[in-house]
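Reading through the C-alpha cells given below for one structure.
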Amino acid sequence: MTTTSTLQALLDREAIREVMYAYCRGIDRCDEAALRASYWPDATDQHGAYNGSATGFIDYAVKARTNGPRMIHQVTNISIVLKGTQA
C-alpha cells in the first residue's frame, strides 16, 4: 500500500466515523436535517422492524422519537473495513 492510498484510507475511515456520529446525534436529538445528511438520497435502511427507504425510516423515526422516550446512542469499538469503493 502506498503512502497516498494509506492516507486516503485514513481519510475515508474518518469520514465514515463522522457520519456515524452525525446519525447518532441526529436520532438522539430528533434532528431531521442531521439524519437526512447521514444518508445518500437513494439509501435503504434495515433497522429493527423497519426495512425500506432511508427517507421512510427517517420519517418513521422522527415521528416515533417526537412522541417517544429519550434515546442515547453510544458508538464504541468501531471497525471499518475498506474494500475498494465499499466499506
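Residues are named by chain letter and number: chains run A, B, ... in the order of the C-alpha cells, numbers start at 1 in each chain, and ligands are numbered from 1 in the order shown.
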
If you run DSSP on the backbone, which residues of chain A are strand (DSSP E), as a PDB file with C-alpha atoms, in the first residue's frame?
```pdb
ATOM      1  CA  THR A  44     -32.153   1.980   2.117  1.00  0.00           C
ATOM      2  CA  ASP A  45     -32.278   1.050   5.800  1.00  0.00           C
ATOM      3  CA  GLN A  46     -32.825  -2.272   7.561  1.00  0.00           C
ATOM      4  CA  HIS A  47     -33.273  -1.120  11.132  1.00  0.00           C
ATOM      5  CA  TYR A  50     -38.090  -1.308   9.589  1.00  0.00           C
ATOM      6  CA  ASN A  51     -36.927  -2.313   6.106  1.00  0.00           C
ATOM      7  CA  GLY A  52     -37.236   0.239   3.320  1.00  0.00           C
ATOM      8  CA  SER A  53     -36.013   3.597   2.099  1.00  0.00           C
TER       9      SER A  53
END
```

Taking the backbone alone, and naming residues the way the document does, which bits of chain A are helix (DSSP H, G or I) by DSSP, as a PyMOL selection string? chain A and resi 3-29+32-37+54-67

Who sits within 12 Å of A:His73, only C-alpha atoms, same chain under 2 positions skipped, as JSON, numbers by chain: {"A": [20, 21, 22, 23, 24, 25, 26, 27, 28, 29, 70, 71, 75, 76]}

Convert the current residue selection to file output with N, CA and C atoms, as a CSV table (one decimal), in the first residue's frame.
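Listed below is the output, selection.csv:
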```csv
chain,number,residue,atom,x,y,z
A,20,MET,N,-21.3,8.3,11.2
A,20,MET,CA,-21.9,7.5,12.2
A,20,MET,C,-22.3,8.4,13.4
A,21,TYR,N,-21.4,9.3,13.8
A,21,TYR,CA,-21.6,10.2,14.9
A,21,TYR,C,-22.7,11.2,14.6
A,22,ALA,N,-22.8,11.7,13.4
A,22,ALA,CA,-23.9,12.6,13.0
A,22,ALA,C,-25.2,11.9,13.0
A,23,TYR,N,-25.3,10.6,12.6
A,23,TYR,CA,-26.5,9.9,12.7
A,23,TYR,C,-27.0,9.7,14.2
A,24,CYS,N,-26.0,9.4,15.0
A,24,CYS,CA,-26.4,9.2,16.4
A,24,CYS,C,-26.9,10.5,17.1
A,25,ARG,N,-26.2,11.6,16.8
A,25,ARG,CA,-26.6,12.9,17.3
A,25,ARG,C,-27.9,13.2,16.7
A,26,GLY,N,-28.2,13.0,15.5
A,26,GLY,CA,-29.4,13.3,14.8
A,26,GLY,C,-30.6,12.5,15.4
A,27,ILE,N,-30.4,11.2,15.6
A,27,ILE,CA,-31.5,10.4,16.1
A,27,ILE,C,-31.8,10.7,17.6
A,28,ASP,N,-30.7,11.0,18.3
A,28,ASP,CA,-30.9,11.3,19.8
A,28,ASP,C,-31.6,12.6,20.0
A,29,ARG,N,-31.3,13.6,19.1
A,29,ARG,CA,-31.8,14.9,19.3
A,29,ARG,C,-33.1,15.1,18.4
A,70,ARG,N,-36.7,9.3,25.5
A,70,ARG,CA,-35.3,9.8,25.2
A,70,ARG,C,-34.4,8.7,24.7
A,71,MET,N,-33.6,9.0,23.8
A,71,MET,CA,-32.6,7.9,23.3
A,71,MET,C,-31.2,8.4,23.4
A,75,VAL,N,-21.4,5.0,20.5
A,75,VAL,CA,-20.6,4.3,19.4
A,75,VAL,C,-19.3,3.9,20.0
A,76,THR,N,-19.0,2.6,20.0
A,76,THR,CA,-17.8,2.1,20.6
A,76,THR,C,-17.2,1.0,19.7
```

For A:Ala43, work out the shell of residues within 12 Å, counting only C-alpha atoms and skipping chain neighbours fewer than 5 positions away, then give it as a PDB file with N, CA, C and O atoms, in the first residue's frame.
```pdb
ATOM      1  N   ARG A  36     -31.076  13.247   7.736  1.00  0.00           N
ATOM      2  CA  ARG A  36     -31.092  13.219   6.269  1.00  0.00           C
ATOM      3  C   ARG A  36     -29.691  13.376   5.695  1.00  0.00           C
ATOM      4  O   ARG A  36     -29.362  12.782   4.684  1.00  0.00           O
ATOM      5  N   ALA A  37     -28.847  14.160   6.358  1.00  0.00           N
ATOM      6  CA  ALA A  37     -27.471  14.356   5.902  1.00  0.00           C
ATOM      7  C   ALA A  37     -26.615  13.111   6.130  1.00  0.00           C
ATOM      8  O   ALA A  37     -25.532  12.993   5.563  1.00  0.00           O
ATOM      9  N   SER A  38     -27.111  12.164   6.909  1.00  0.00           N
ATOM     10  CA  SER A  38     -26.360  10.947   7.224  1.00  0.00           C
ATOM     11  C   SER A  38     -26.562   9.835   6.198  1.00  0.00           C
ATOM     12  O   SER A  38     -25.927   8.787   6.297  1.00  0.00           O
ATOM     13  N   ASN A  51     -37.708  -1.908   7.277  1.00  0.00           N
ATOM     14  CA  ASN A  51     -36.927  -2.313   6.106  1.00  0.00           C
ATOM     15  C   ASN A  51     -37.484  -1.560   4.913  1.00  0.00           C
ATOM     16  O   ASN A  51     -38.576  -1.859   4.439  1.00  0.00           O
ATOM     17  N   GLY A  52     -36.753  -0.559   4.444  1.00  0.00           N
ATOM     18  CA  GLY A  52     -37.236   0.239   3.320  1.00  0.00           C
ATOM     19  C   GLY A  52     -36.295   1.383   3.023  1.00  0.00           C
ATOM     20  O   GLY A  52     -35.097   1.328   3.325  1.00  0.00           O
ATOM     21  N   SER A  53     -36.843   2.450   2.467  1.00  0.00           N
ATOM     22  CA  SER A  53     -36.013   3.597   2.099  1.00  0.00           C
ATOM     23  C   SER A  53     -35.526   4.320   3.349  1.00  0.00           C
ATOM     24  O   SER A  53     -36.191   4.319   4.393  1.00  0.00           O
ATOM     25  N   ALA A  54     -34.369   4.935   3.233  1.00  0.00           N
ATOM     26  CA  ALA A  54     -33.853   5.728   4.356  1.00  0.00           C
ATOM     27  C   ALA A  54     -34.781   6.899   4.643  1.00  0.00           C
ATOM     28  O   ALA A  54     -35.014   7.242   5.803  1.00  0.00           O
ATOM     29  N   THR A  55     -35.341   7.482   3.598  1.00  0.00           N
ATOM     30  CA  THR A  55     -36.289   8.575   3.785  1.00  0.00           C
ATOM     31  C   THR A  55     -37.481   8.121   4.612  1.00  0.00           C
ATOM     32  O   THR A  55     -37.919   8.816   5.528  1.00  0.00           O
ATOM     33  N   GLY A  56     -37.994   6.942   4.306  1.00  0.00           N
ATOM     34  CA  GLY A  56     -39.109   6.397   5.074  1.00  0.00           C
ATOM     35  C   GLY A  56     -38.720   6.132   6.514  1.00  0.00           C
ATOM     36  O   GLY A  56     -39.500   6.391   7.434  1.00  0.00           O
ATOM     37  N   PHE A  57     -37.502   5.619   6.722  1.00  0.00           N
ATOM     38  CA  PHE A  57     -37.038   5.376   8.088  1.00  0.00           C
ATOM     39  C   PHE A  57     -36.934   6.674   8.863  1.00  0.00           C
ATOM     40  O   PHE A  57     -37.343   6.758  10.021  1.00  0.00           O
ATOM     41  N   ILE A  58     -36.393   7.701   8.249  1.00  0.00           N
ATOM     42  CA  ILE A  58     -36.250   8.992   8.930  1.00  0.00           C
ATOM     43  C   ILE A  58     -37.618   9.540   9.304  1.00  0.00           C
ATOM     44  O   ILE A  58     -37.825  10.002  10.437  1.00  0.00           O
TER      45      ILE A  58
END
```

Coordinates-based distance that separates atom CA of A:Leu35 from atom CA of A:Gln8 (Å, one decimal): 25.4 Å

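If you look at atom CA of A:Arg13 and atom CA of A:Gly48, they are 25.1 Å away from each other.
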
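Counting only C-alpha atoms and comparing A:Leu11, A:Asp59, A:Thr6, A:Ile16, the residue that lies closest to A:Ala87 is A:Ile16.
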
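Closest to A:Tyr39 among A:Val19, A:Gly84, A:Tyr60, A:Ala9 is A:Val19, based on only C-alpha atoms.
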